[in-house]
Amino acid sequence: MTTLSAYELDDLQQAMMERMADGLLPAISTANRTGELSELLRLLGMSDLLDEEGVSIQPTRVVVIGDSMVKEAKLRSIARRHGYDPDMFEFVLGYNELKHYDFGKLRGTYTYRAVMAGPMPHSTPGKRDASSAIAEMKAHPETYPPVIPLRDSNGLKITNNSFANALCELAAIA
């Protein structure tokens, strides 16, 4: 890439500032998840915003989304048996709830460590142009928390075993 002139740098800065409101939170969320937050702040001349050791704000909540015959209390019990605090999980398990759940609120968030996804309606708010909310989240991993599908041998399904298996996958996510 060639070096930009002063005028081109000014134009680039203005273009970046116009996009900054929408792009900043996803960028710092991704940098935080990948361990590159300190480097990003250093490049921006903002290293002073973190202490010398750096601060990593680790997302703690997990949202479990999908139509489920397994009750929330049972899923919380399974999480507890696997060593997780059951209060770190947020559940959206009813088909009717899912039709109105805005998946856009997961975009660019640093609240959620992961999304565990089971079967759901294809048409939901926040899925943008994707065929489903899961497809949207998987297509944009830089913008959304990691997606852990809840599957059995026949496809997406929330079962005791699929949730337990997803908890094992969750342990591998930093």
# chains A, B, ... in the order shown; residues from 1 in each chain; ligands from 1
call {"tool": "residues_around", "arguments": {"residues": "stretch 22-38 of chain A", "least_positions_apart": "5", "cutoff": "6 Å", "atoms": "only C-alpha atoms", "output": "MDAnalysis selection string"}}
result
chainID A and resid 108 110 142:143
call {"tool": "write_last_selection", "arguments": {"atoms": "N, CA, C and O atoms", "output": "PDB file, in the first residue's frame"}}
result
ATOM      1  N   GLY A 108     -22.236  -6.232  18.746  1.00  0.00           N
ATOM      2  CA  GLY A 108     -21.295  -5.283  19.329  1.00  0.00           C
ATOM      3  C   GLY A 108     -21.299  -5.238  20.848  1.00  0.00           C
ATOM      4  O   GLY A 108     -20.696  -4.352  21.431  1.00  0.00           O
ATOM      5  N   TYR A 110     -20.354  -6.351  24.709  1.00  0.00           N
ATOM      6  CA  TYR A 110     -19.293  -7.019  25.442  1.00  0.00           C
ATOM      7  C   TYR A 110     -19.843  -7.615  26.737  1.00  0.00           C
ATOM      8  O   TYR A 110     -19.112  -7.984  27.636  1.00  0.00           O
ATOM      9  N   GLU A 142     -16.843 -11.057  14.185  1.00  0.00           N
ATOM     10  CA  GLU A 142     -16.170  -9.879  14.732  1.00  0.00           C
ATOM     11  C   GLU A 142     -17.153  -8.962  15.449  1.00  0.00           C
ATOM     12  O   GLU A 142     -16.753  -8.091  16.217  1.00  0.00           O
ATOM     13  N   THR A 143     -18.427  -9.155  15.204  1.00  0.00           N
ATOM     14  CA  THR A 143     -19.456  -8.284  15.755  1.00  0.00           C
ATOM     15  C   THR A 143     -20.288  -8.943  16.844  1.00  0.00           C
ATOM     16  O   THR A 143     -20.810  -8.266  17.718  1.00  0.00           O
TER      17      THR A 143
END
call {"tool": "select_by_dssp", "arguments": {"residues": "stretch 45-135 of chain A", "states": "alpha helix (DSSP H)", "output": "number ranges by chain"}}
result
A: 72-81, 95-100, 133-135
call {"tool": "residues_around", "arguments": {"residues": "A:Thr60", "least_positions_apart": "4", "cutoff": "7 Å", "atoms": "only C-alpha atoms", "output": "NGL selection string"}}
result
:A and (88 or 111-113)
call {"tool": "residues_around", "arguments": {"residues": "A:His140", "least_positions_apart": "4", "cutoff": "12 Å", "atoms": "only C-alpha atoms", "output": "list in words"}}
result
Pro26, Thr30, Leu106, Arg107, Gly108, Lys127, Arg128, Ala130, Ala133, Ile134, Ala135, Glu136, Tyr144, Pro145, Pro146 and Val147 of chain A
call {"tool": "residues_around", "arguments": {"residues": "stretch 161-171 of chain A", "least_positions_apart": "3", "cutoff": "8 Å", "atoms": "only C-alpha atoms", "output": "number ranges by chain"}}
result
A: 75, 78-79, 82, 114, 116, 148-152, 157-158, 174
call {"tool": "closest_residue", "arguments": {"among": "A:Met17, A:Leu156, A:Leu44, A:Ala6", "to": "A:Gly66", "atoms": "only C-alpha atoms"}}
result
A:Leu156
call {"tool": "closest_residue", "arguments": {"among": "A:Val62, A:Met46, A:Met16, A:Leu98", "to": "A:Pro86", "atoms": "only C-alpha atoms"}}
result
A:Val62
call {"tool": "residues_around", "arguments": {"residues": "A:Val64", "least_positions_apart": "6", "cutoff": "7 Å", "atoms": "only C-alpha atoms", "output": "NGL selection string"}}
result
:A and (89-92 or 115-117)
call {"tool": "atom_distance", "arguments": {"atom1": "atom CA of A:Leu93", "atom2": "atom CA of A:Glu72"}}
result
7.8 Å
call {"tool": "atom_distance", "arguments": {"atom1": "atom CA of A:Gln14", "atom2": "atom CA of A:Glu39"}}
result
22.8 Å
call {"tool": "atom_distance", "arguments": {"atom1": "atom CA of A:Asn96", "atom2": "atom CA of A:Pro121"}}
result
9.0 Å
call {"tool": "select_by_dssp", "arguments": {"residues": "chain A", "states": "strand (DSSP E)", "output": "VMD selection string"}}
result
chain A and resid 61 to 65 89 to 92 112 to 117 147 to 149 151 to 152 155 to 156
